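Novice: What follows is model.cif, made up of mmCIF, C-alpha atoms:
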```
data_work
loop_
_atom_site.label_atom_id
_atom_site.label_comp_id
_atom_site.auth_asym_id
_atom_site.auth_seq_id
_atom_site.Cartn_x
_atom_site.Cartn_y
_atom_site.Cartn_z
CA MET A 1232 -5.67 -41.97 15.42
CA ALA A 1233 -5.20 -38.25 14.88
CA ILE A 1234 -5.58 -36.39 11.57
CA VAL A 1235 -3.41 -33.26 11.55
CA PRO A 1236 -3.85 -30.65 8.78
CA THR A 1237 -0.80 -29.25 7.02
CA VAL A 1238 -1.08 -25.56 6.13
CA ARG A 1239 1.01 -24.20 3.27
CA SER A 1240 3.19 -21.16 4.01
CA SER A 1241 5.24 -18.93 1.72
CA ASN A 1242 7.20 -17.42 4.63
CA LEU A 1243 7.44 -19.70 7.65
CA ARG A 1244 8.73 -17.06 10.07
CA ARG A 1245 5.82 -14.77 9.22
CA SER A 1246 3.32 -17.62 9.55
CA VAL A 1247 4.72 -18.80 12.90
CA ALA A 1248 4.54 -15.22 14.24
CA PHE A 1249 0.89 -15.00 13.21
CA TYR A 1250 -0.19 -18.44 14.46
CA THR A 1251 1.62 -18.12 17.81
CA GLY A 1252 1.27 -14.38 18.40
CA VAL A 1253 -2.36 -13.96 17.31
CA LEU A 1254 -3.99 -17.39 17.13
CA ASP A 1255 -2.44 -18.59 20.43
CA PHE A 1256 -0.68 -21.70 19.09
CA GLU A 1257 2.63 -22.85 20.58
CA ARG A 1258 5.58 -24.43 18.80
CA VAL A 1259 5.98 -28.09 19.73
CA ASN A 1260 9.74 -27.83 19.29
CA ALA A 1261 11.14 -24.30 19.64
CA GLU A 1262 14.47 -25.51 18.19
CA ASP A 1263 13.05 -26.32 14.75
CA PRO A 1264 14.67 -24.07 12.10
CA LEU A 1265 12.41 -21.54 10.37
CA ASP A 1266 14.52 -20.80 7.29
CA ASP A 1267 12.46 -21.62 4.18
CA PRO A 1268 11.79 -24.23 3.05
CA ALA A 1269 10.98 -25.68 6.45
CA PHE A 1270 8.34 -27.43 8.54
CA VAL A 1271 7.06 -26.72 12.05
CA ALA A 1272 4.52 -28.38 14.33
CA LEU A 1273 2.16 -26.23 16.42
CA ARG A 1274 -0.32 -27.04 19.15
CA ARG A 1275 -3.26 -25.23 20.77
CA GLY A 1276 -4.48 -27.14 23.77
CA GLU A 1277 -5.00 -30.72 22.58
CA ASP A 1278 -5.09 -29.76 18.89
CA PHE A 1279 -2.14 -29.88 16.49
CA LEU A 1280 -1.39 -28.08 13.23
CA TYR A 1281 1.54 -28.32 10.83
CA LEU A 1282 2.96 -25.37 8.88
CA SER A 1283 5.14 -26.08 5.86
CA SER A 1284 6.86 -23.98 3.20
CA HIS A 1285 7.95 -27.09 1.27
CA ARG A 1286 6.65 -27.38 -2.28
CA GLY A 1287 3.90 -29.99 -2.48
CA ASP A 1288 2.84 -29.75 1.17
CA GLY A 1289 -0.72 -28.53 0.70
CA GLU A 1290 -2.19 -25.73 -1.38
CA PHE A 1291 -2.59 -22.04 -0.66
CA GLY A 1292 -6.16 -20.92 0.05
CA GLN A 1293 -7.33 -24.01 1.93
CA ALA A 1294 -10.03 -23.92 4.62
CA ILE A 1295 -9.73 -25.56 8.05
CA ALA A 1296 -12.63 -25.93 10.49
CA VAL A 1297 -11.82 -25.40 14.18
CA GLU A 1298 -14.60 -26.49 16.55
CA VAL A 1299 -14.79 -24.51 19.81
CA ALA A 1300 -17.19 -24.50 22.75
CA ASP A 1301 -17.61 -20.70 22.86
CA VAL A 1302 -16.91 -18.94 19.58
CA ASP A 1303 -17.60 -15.46 20.99
CA ALA A 1304 -15.05 -15.89 23.77
CA VAL A 1305 -12.46 -17.16 21.27
CA PHE A 1306 -13.07 -14.17 19.00
CA ARG A 1307 -12.60 -11.70 21.90
CA ASP A 1308 -9.43 -13.52 22.91
CA LEU A 1309 -7.94 -13.33 19.39
CA VAL A 1310 -8.82 -9.64 19.00
CA GLY A 1311 -7.05 -9.01 22.30
CA ARG A 1312 -4.00 -10.81 20.92
CA GLY A 1313 -3.87 -8.61 17.82
CA LEU A 1314 -6.34 -10.05 15.28
CA ARG A 1315 -7.34 -7.35 12.80
CA THR A 1316 -10.61 -7.89 10.92
CA PRO A 1317 -10.54 -6.90 7.23
CA GLY A 1318 -13.42 -4.41 7.45
CA ASN A 1319 -15.27 -6.04 4.54
CA PRO A 1320 -19.07 -5.65 4.85
CA GLU A 1321 -19.52 -8.23 2.08
CA SER A 1322 -18.03 -10.91 4.35
CA PRO A 1323 -19.52 -10.37 7.84
CA VAL A 1324 -18.26 -13.77 8.96
CA HIS A 1325 -14.72 -12.32 8.77
CA GLU A 1326 -15.77 -9.42 11.06
CA GLY A 1327 -17.05 -11.47 14.00
CA PRO A 1328 -19.21 -14.47 15.01
CA VAL A 1329 -22.28 -14.98 12.79
CA ASP A 1330 -25.23 -17.36 13.22
CA GLN A 1331 -25.24 -19.47 10.07
CA THR A 1332 -28.43 -20.82 8.45
CA TRP A 1333 -27.14 -24.41 8.90
CA GLY A 1334 -27.17 -24.03 12.67
CA THR A 1335 -23.58 -23.19 13.65
CA ARG A 1336 -22.12 -19.92 14.90
CA GLU A 1337 -18.83 -19.05 13.15
CA PHE A 1338 -16.16 -16.50 12.37
CA TYR A 1339 -13.36 -16.80 9.84
CA VAL A 1340 -9.70 -15.77 10.04
CA ASP A 1341 -7.41 -15.59 6.99
CA ASP A 1342 -3.72 -16.20 7.63
CA PRO A 1343 -0.98 -14.22 5.77
CA ASP A 1344 -1.11 -16.71 2.86
CA GLY A 1345 -4.88 -16.64 2.40
CA ASN A 1346 -5.63 -19.91 4.20
CA THR A 1347 -8.87 -19.67 6.18
CA LEU A 1348 -9.47 -20.97 9.69
CA ARG A 1349 -13.20 -21.32 10.33
CA PHE A 1350 -13.85 -21.14 14.07
CA THR A 1351 -17.15 -22.95 14.57
CA GLN A 1352 -19.43 -23.44 17.55
CA PRO A 1353 -21.64 -26.49 16.97
CA SER A 1354 -25.40 -26.04 17.19
CA GLY A 1355 -26.96 -26.69 20.57
CA LEU A 1356 -24.16 -25.02 22.57
CA PRO A 1357 -25.14 -21.62 24.03
CA HIS A 1358 -22.64 -18.82 23.41
CA ARG A 1359 -21.51 -17.37 26.71
CA ALA A 1360 -18.70 -15.33 28.16
CA ASP A 1361 -15.64 -17.24 29.37
CA PRO A 1362 -14.57 -15.89 32.79
CA LYS A 1363 -11.07 -17.33 32.27
CA THR A 1364 -10.43 -15.09 29.26
CA ALA A 1365 -9.91 -12.00 31.41
CA MET A 1366 -7.07 -13.70 33.30
CA ARG A 1367 -5.14 -14.93 30.25
CA THR A 1368 -1.90 -13.08 29.71
CA VAL A 1369 -0.72 -11.62 26.42
CA LYS A 1370 2.86 -10.76 25.46
CA VAL A 1371 2.95 -7.08 24.48
CA PHE A 1372 5.84 -5.09 23.00
CA PHE A 1373 5.95 -1.50 24.33
CA TYR A 1374 8.14 1.18 22.74
CA GLY A 1375 6.80 4.49 24.09
CA SER A 1376 5.89 5.85 27.50
CA PHE A 1377 4.07 2.59 28.36
CA MET A 1378 7.51 1.00 28.73
CA SER A 1379 7.51 2.69 32.15
CA PRO A 1380 5.91 0.66 34.97
CA GLU A 1381 5.21 3.96 36.75
CA VAL A 1382 3.14 5.22 33.81
CA LEU A 1383 1.28 1.91 33.58
CA ALA A 1384 0.56 1.91 37.31
CA LYS A 1385 -1.47 5.11 36.87
CA ALA A 1386 -3.90 3.05 34.78
CA ASP A 1387 -3.86 0.22 37.37
CA VAL A 1388 -1.82 -1.93 34.99
CA HIS A 1389 0.94 -4.05 36.50
CA PRO A 1390 2.93 -5.99 33.85
CA THR A 1391 5.02 -9.05 34.63
CA ASP A 1392 8.10 -10.62 33.05
CA LEU A 1393 9.51 -7.37 31.61
CA GLN A 1394 12.36 -7.95 29.15
CA LYS A 1395 14.37 -5.83 26.76
CA ALA A 1396 13.52 -6.58 23.12
CA ARG A 1397 14.22 -5.41 19.57
CA LEU A 1398 11.81 -5.20 16.63
CA GLU A 1399 13.27 -5.24 13.12
CA GLY A 1400 11.76 -3.51 10.11
CA TRP A 1401 10.09 -0.66 11.99
CA LYS A 1402 11.10 2.85 13.04
CA LEU A 1403 10.10 4.90 16.09
CA VAL A 1404 8.36 8.20 15.36
CA ILE A 1405 7.17 10.70 18.00
CA ALA A 1406 4.94 13.29 16.35
CA PRO A 1407 3.64 14.13 18.95
CA ARG A 1408 2.79 10.61 20.17
CA ALA A 1409 5.06 7.60 19.92
CA THR A 1410 4.17 5.16 17.17
CA LEU A 1411 5.89 2.87 14.70
CA VAL A 1412 6.17 3.06 10.93
CA PRO A 1413 7.46 0.29 8.63
CA ALA A 1414 11.08 0.95 7.64
CA ALA A 1415 13.51 -1.42 6.00
CA ASN A 1416 16.89 -1.81 7.75
CA ALA A 1417 15.59 -0.05 10.89
CA SER A 1418 15.09 -1.33 14.43
CA VAL A 1419 12.99 -0.32 17.43
CA TYR A 1420 14.05 -1.10 20.98
CA GLY A 1421 11.48 -1.58 23.69
CA VAL A 1422 10.17 -3.74 26.49
CA VAL A 1423 8.07 -6.89 26.13
CA ALA A 1424 5.84 -7.81 29.07
CA ARG A 1425 2.84 -9.94 30.03
CA LEU A 1426 -0.55 -8.28 30.59
CA THR A 1427 -4.08 -9.60 31.10
CA HIS A 1428 -6.89 -8.78 28.68
CA VAL A 1429 -8.48 -6.60 31.35
CA GLU A 1430 -5.27 -4.58 31.59
CA LEU A 1431 -5.09 -4.22 27.80
CA ASP A 1432 -8.62 -2.81 27.83
CA ARG A 1433 -7.59 -0.31 30.48
CA LEU A 1434 -4.73 0.89 28.29
CA TYR A 1435 -6.23 0.93 24.82
CA ALA A 1436 -10.00 1.25 25.26
CA LYS A 1437 -9.38 4.79 26.54
CA ASP A 1438 -7.47 7.59 24.83
CA TRP A 1439 -5.22 8.53 27.76
CA PHE A 1440 -3.31 11.33 26.09
CA GLY A 1441 -5.77 12.56 23.46
CA PHE A 1442 -3.69 10.87 20.76
CA GLY A 1443 -6.39 8.74 19.17
CA THR A 1444 -6.70 5.02 18.49
CA TYR A 1445 -3.88 2.49 18.71
CA LEU A 1446 -4.51 -0.81 16.90
CA PRO A 1447 -2.93 -4.22 17.67
CA GLU A 1448 -0.34 -5.65 15.31
CA ALA A 1449 1.26 -9.12 15.48
CA VAL A 1450 5.06 -8.78 15.64
CA LEU A 1451 8.10 -10.99 16.12
CA VAL A 1452 10.62 -9.41 18.49
CA THR A 1453 14.09 -10.55 19.48
CA LEU A 1454 15.02 -10.76 23.15
CA ASP A 1455 18.38 -9.56 24.48
CA ALA A 1456 19.65 -13.16 24.51
CA GLY A 1457 18.83 -13.50 20.79
CA ASP A 1458 15.67 -15.61 21.14
CA PRO A 1459 12.68 -14.70 18.90
CA LEU A 1460 9.37 -14.06 20.66
CA PRO A 1461 5.92 -13.55 19.08
CA ALA A 1462 4.04 -10.65 20.64
CA ILE A 1463 1.56 -7.92 19.81
CA SER A 1464 2.26 -4.22 19.67
CA TYR A 1465 -0.21 -1.35 19.49
CA ILE A 1466 0.38 1.14 16.68
CA ALA A 1467 -1.24 4.45 15.74
CA TRP A 1468 -1.45 4.52 11.96
CA GLN A 1469 -2.62 8.13 11.71
CA LEU A 1470 0.19 10.63 12.34
CA GLU A 1471 -0.95 14.10 13.38
CA GLY A 1472 2.49 15.69 13.20
CA GLY A 1473 3.77 18.16 15.76
CA LYS A 1474 6.37 18.28 18.50
CA PRO A 1475 5.97 16.14 21.64
CA THR A 1476 6.28 17.60 25.11
CA ARG A 1477 9.65 17.33 26.83
CA ASP A 1478 8.10 15.42 29.73
CA TYR A 1479 6.69 12.79 27.36
CA VAL A 1480 10.04 12.21 25.62
CA GLU A 1481 11.90 12.17 28.94
CA LYS A 1482 9.70 9.31 30.16
CA ILE A 1483 10.74 7.27 27.12
CA LEU A 1484 14.39 8.24 27.55
CA SER A 1485 14.34 7.21 31.20
CA VAL A 1486 13.32 3.64 30.34
CA ALA A 1487 15.75 3.55 27.39
CA ARG A 1488 18.61 4.31 29.77
CA GLN A 1489 17.30 1.93 32.43
CA PHE A 1490 17.32 -0.98 29.95
CA SER A 1491 20.62 0.10 28.35
CA PHE A 1492 19.31 0.68 24.85
CA PRO A 1493 22.10 1.33 22.30
CA GLU A 1494 23.49 4.88 22.39
CA ASP A 1495 22.54 5.60 18.79
CA TYR A 1496 18.96 4.63 19.56
CA VAL A 1497 18.93 6.87 22.66
CA ARG A 1498 20.15 9.72 20.44
CA HIS A 1499 17.30 8.97 18.05
CA ILE A 1500 14.81 9.42 20.91
CA GLN A 1501 16.57 12.64 21.98
CA SER A 1502 16.17 14.02 18.45
CA PHE A 1503 12.45 14.49 19.15
CA LEU A 1504 13.13 16.98 21.98
#
```
Please go through the file and, once you have read it, give me the structure as structure tokens.
Specialist:
Amino acid sequence: MAIVPTVRSSNLRRSVAFYTGVLDFERVNAEDPLDDPAFVALRRGEDFLYLSSHRGDGEFGQAIAVEVADVDAVFRDLVGRGLRTPGNPESPVHEGPVDQTWGTREFYVDDPDGNTLRFTQPSGLPHRADPKTAMRTVKVFFYGSFMSPEVLAKADVHPTDLQKARLEGWKLVIAPRATLVPAANASVYGVVARLTHVELDRLYAKDWFGFGTYLPEAVLVTLDAGDPLPAISYIAWQLEGGKPTRDYVEKILSVARQFSFPEDYVRHIQSFL
């Protein structure tokens, strides 16, 4: 017998993007419709979870315990996939693994609807690094100079499975670095690719261009064939302003032409020259 929790969602597409893009779940049936109200089954390894936006299927704000063998390794994995901690010193268990007085080691993650997943390592299990974590691959949406394999190769990063993709609801800004800003009725074109966690550290643990910190964001992109794909994208939320160098913009333009981005989008990139 298996008991499967049902988690209430107010926006199923947003929830599926979070649970698959950040929490590493997979849809059991990718053909299930996501137009609210709807229901979708997810799995993570041998564990299952249901998401539902139907009235009466669960309550918002519920808590779900998730037992893991190495809570520290899971936390590092989720941060690499785009998990953003709330920065609340009054709730340290939301900021990272904490040794609880009742003997477990835990960290908490709130989903977009305020439901809490409590990742728990039972007492008696030592917390240790998971050597497999470094070799897991993460789907990343690039929109700036990192779309170029030549630029990535300089950091010893070699992405696989590169595909053209579109992100709705955001706008490209280059001032002087490329970043994204939320914008209704706008789209960003880019490249989605697979990278290991080690490669992500090489890219974002170091400020390659003196532009400052880029933070991971869970996104739902659309591939050229029309299929949705959860991914993470790194965004700089602090805009310095200023004009980018011609060489920097030309690198972005080169990939835009290589992947046949729409002409109006290419002109948008050229406007930053």
Novice: For the file shown, report as number ranges by chain the outcome of the PyMOL selection byres ((chain A and resi 1475) around 7) at residue level.
Specialist: A: 1405-1408, 1473-1474, 1476-1477, 1479-1480
Novice: Excluding same-chain residues fewer than 4 positions from A:Leu1451, what lies within 10 Å of it counting all atoms listed in the file, as a count of residues only?
Specialist: 18
Novice: Nearest residue to A:Glu1430 out of A:Arg1315, A:Lys1402, A:Lys1385, A:Lys1395, using all atoms listed in the file?
Specialist: A:Lys1385
Novice: Apply the PyMOL selection byres ((chain A and resi 1389) around 9) to the file shown and report the selected residues as an MDAnalysis selection string.
Specialist: chainID A and resid 1380 1383:1384 1386:1388 1390:1391 1425:1426 1430
Novice: Which residue gives the smallest distance to A:His1285 among A:Gln1331, A:Asn1260, A:Thr1237, A:Thr1316, with all atoms listed in the file counted?
Specialist: A:Thr1237
Novice: What does the distance from atom CA of A:Ser1246 to atom CA of A:Leu1434 come to in Å, to one decimal?
Specialist: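 According to the coordinates, atom CA of A:Ser1246 and atom CA of A:Leu1434 are separated by 27.5 Å.
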Novice: At a cut-off of 12 Å from (-27.4, -23.3, 10.9) in the coordinates of the file, what residues are picked up using only C-alpha atoms, written as a list in words?
Specialist: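 Residues lying no farther than 12 Å from the given point: Val1329, Asp1330, Gln1331, Thr1332, Trp1333, Gly1334, Thr1335, Arg1336, Glu1337, Thr1351, Gln1352, Pro1353, Ser1354 and Gly1355 of chain A.
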Novice: Just the residues within 8 Å of A:Leu1314, please, counting all atoms listed in the file, with nothing from its chain fewer than 6 positions along; format it as a PyMOL selection string.
Specialist: chain A and resi 1253-1254+1447-1449
Novice: For the interface of stretch 1384-1476 of chain A with stretch 1487-1490 of chain A (cut-off 12 Å, counting all atoms listed in the file), please tabulate each contacting residue of stretch 1384-1476 of chain A alongside its nearest pair of atoms and their separation in Å to one decimal, rows sorted by chain and increasing number, as JSON lines.
Specialist:
```
{"residue": "A:Leu1393", "atom": "CA", "partner": "A:Phe1490", "partner_atom": "CA", "distance": 10.2}
{"residue": "A:Gln1394", "atom": "CA", "partner": "A:Phe1490", "partner_atom": "CA", "distance": 8.6}
{"residue": "A:Lys1395", "atom": "CA", "partner": "A:Phe1490", "partner_atom": "CA", "distance": 6.5}
{"residue": "A:Ala1396", "atom": "CA", "partner": "A:Phe1490", "partner_atom": "CA", "distance": 9.6}
{"residue": "A:Arg1397", "atom": "CA", "partner": "A:Phe1490", "partner_atom": "CA", "distance": 11.7}
{"residue": "A:Val1419", "atom": "CA", "partner": "A:Ala1487", "partner_atom": "CA", "distance": 11.0}
{"residue": "A:Tyr1420", "atom": "CA", "partner": "A:Ala1487", "partner_atom": "CA", "distance": 8.1}
{"residue": "A:Gly1421", "atom": "CA", "partner": "A:Ala1487", "partner_atom": "CA", "distance": 7.6}
{"residue": "A:Val1422", "atom": "CA", "partner": "A:Phe1490", "partner_atom": "CA", "distance": 8.4}
{"residue": "A:Val1423", "atom": "CA", "partner": "A:Phe1490", "partner_atom": "CA", "distance": 11.6}
{"residue": "A:Asp1455", "atom": "CA", "partner": "A:Phe1490", "partner_atom": "CA", "distance": 10.2}
```
Novice: Centre and edge lengths of an axis-aligned box around all listed atoms of stretch 1468-1486 of chain A, with 5 Å added on each side, are to be given in Å to one decimal, as AutoDock Vina command-line options.
Specialist:
```
--center_x 5.9 --center_y 11.0 --center_z 21.5 --size_x 27.0 --size_y 24.6 --size_z 29.5
```
Novice: Would you kindly return, as a PyMOL selection string, each protein, DNA or RNA residue with an atom no farther than 12 Å from any atom of A:Phe1338, considering all atoms listed in the file and excluding same-chain residues fewer than 2 positions away?
Specialist: chain A and resi 1295-1299+1301-1307+1309+1316+1322-1331+1335-1336+1340-1341+1347-1352
Novice: Quick check, in Å to one decimal: how far apart do atom CA of A:Ile1234 and atom CA of A:Gly1313 lie?
Specialist: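 Pair atom CA of A:Ile1234 / atom CA of A:Gly1313 returns 28.5 Å.
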Novice: Identify which of the residues A:Glu1481, A:Glu1381, A:Asp1344, A:Glu1494 lies closest to A:Val1238, counting all atoms listed in the file when measuring atom-to-atom distances.
Specialist: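 Counting all atoms listed in the file, the residue closest to A:Val1238 is A:Asp1344.
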Novice: Do a neighbour search on stretch 1267-1278 of chain A at 8 Å with all atoms listed in the file, toss out local chain neighbours closer than 6 positions, and write the hits as a PyMOL selection string.
Specialist: chain A and resi 1242-1243+1255-1260+1284-1285
Novice: Skipping near chain neighbours, those fewer than 3 positions away, what residues fall within 8 Å of A:Tyr1445 using only C-alpha atoms, listed as an mmCIF file with C-alpha atoms, in the coordinates of the input?
Specialist:
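Saved the output as selection_5.cif:
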```cif
data_model
loop_
_atom_site.group_PDB
_atom_site.id
_atom_site.type_symbol
_atom_site.label_atom_id
_atom_site.label_comp_id
_atom_site.auth_asym_id
_atom_site.auth_seq_id
_atom_site.Cartn_x
_atom_site.Cartn_y
_atom_site.Cartn_z
ATOM 1 C CA TYR A 1435 -6.230 0.930 24.820
ATOM 2 C CA TYR A 1465 -0.210 -1.350 19.490
ATOM 3 C CA ILE A 1466 0.380 1.140 16.680
ATOM 4 C CA ALA A 1467 -1.240 4.450 15.740
ATOM 5 C CA TRP A 1468 -1.450 4.520 11.960
#
```
Novice: Let me make sure I understand: among A:Arg1286, A:Arg1367, A:Arg1239, A:His1428, which one has the smallest atom-to-atom distance to A:Gly1311 if we use only C-alpha atoms?
Specialist: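 So, comparing all the options, the nearest one is A:His1428.
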Novice: Using atom CA of A:Val1412 and atom CA of A:Gln1469 as the two end points, give the distance in Å to one decimal.
Specialist: 10.2 Å
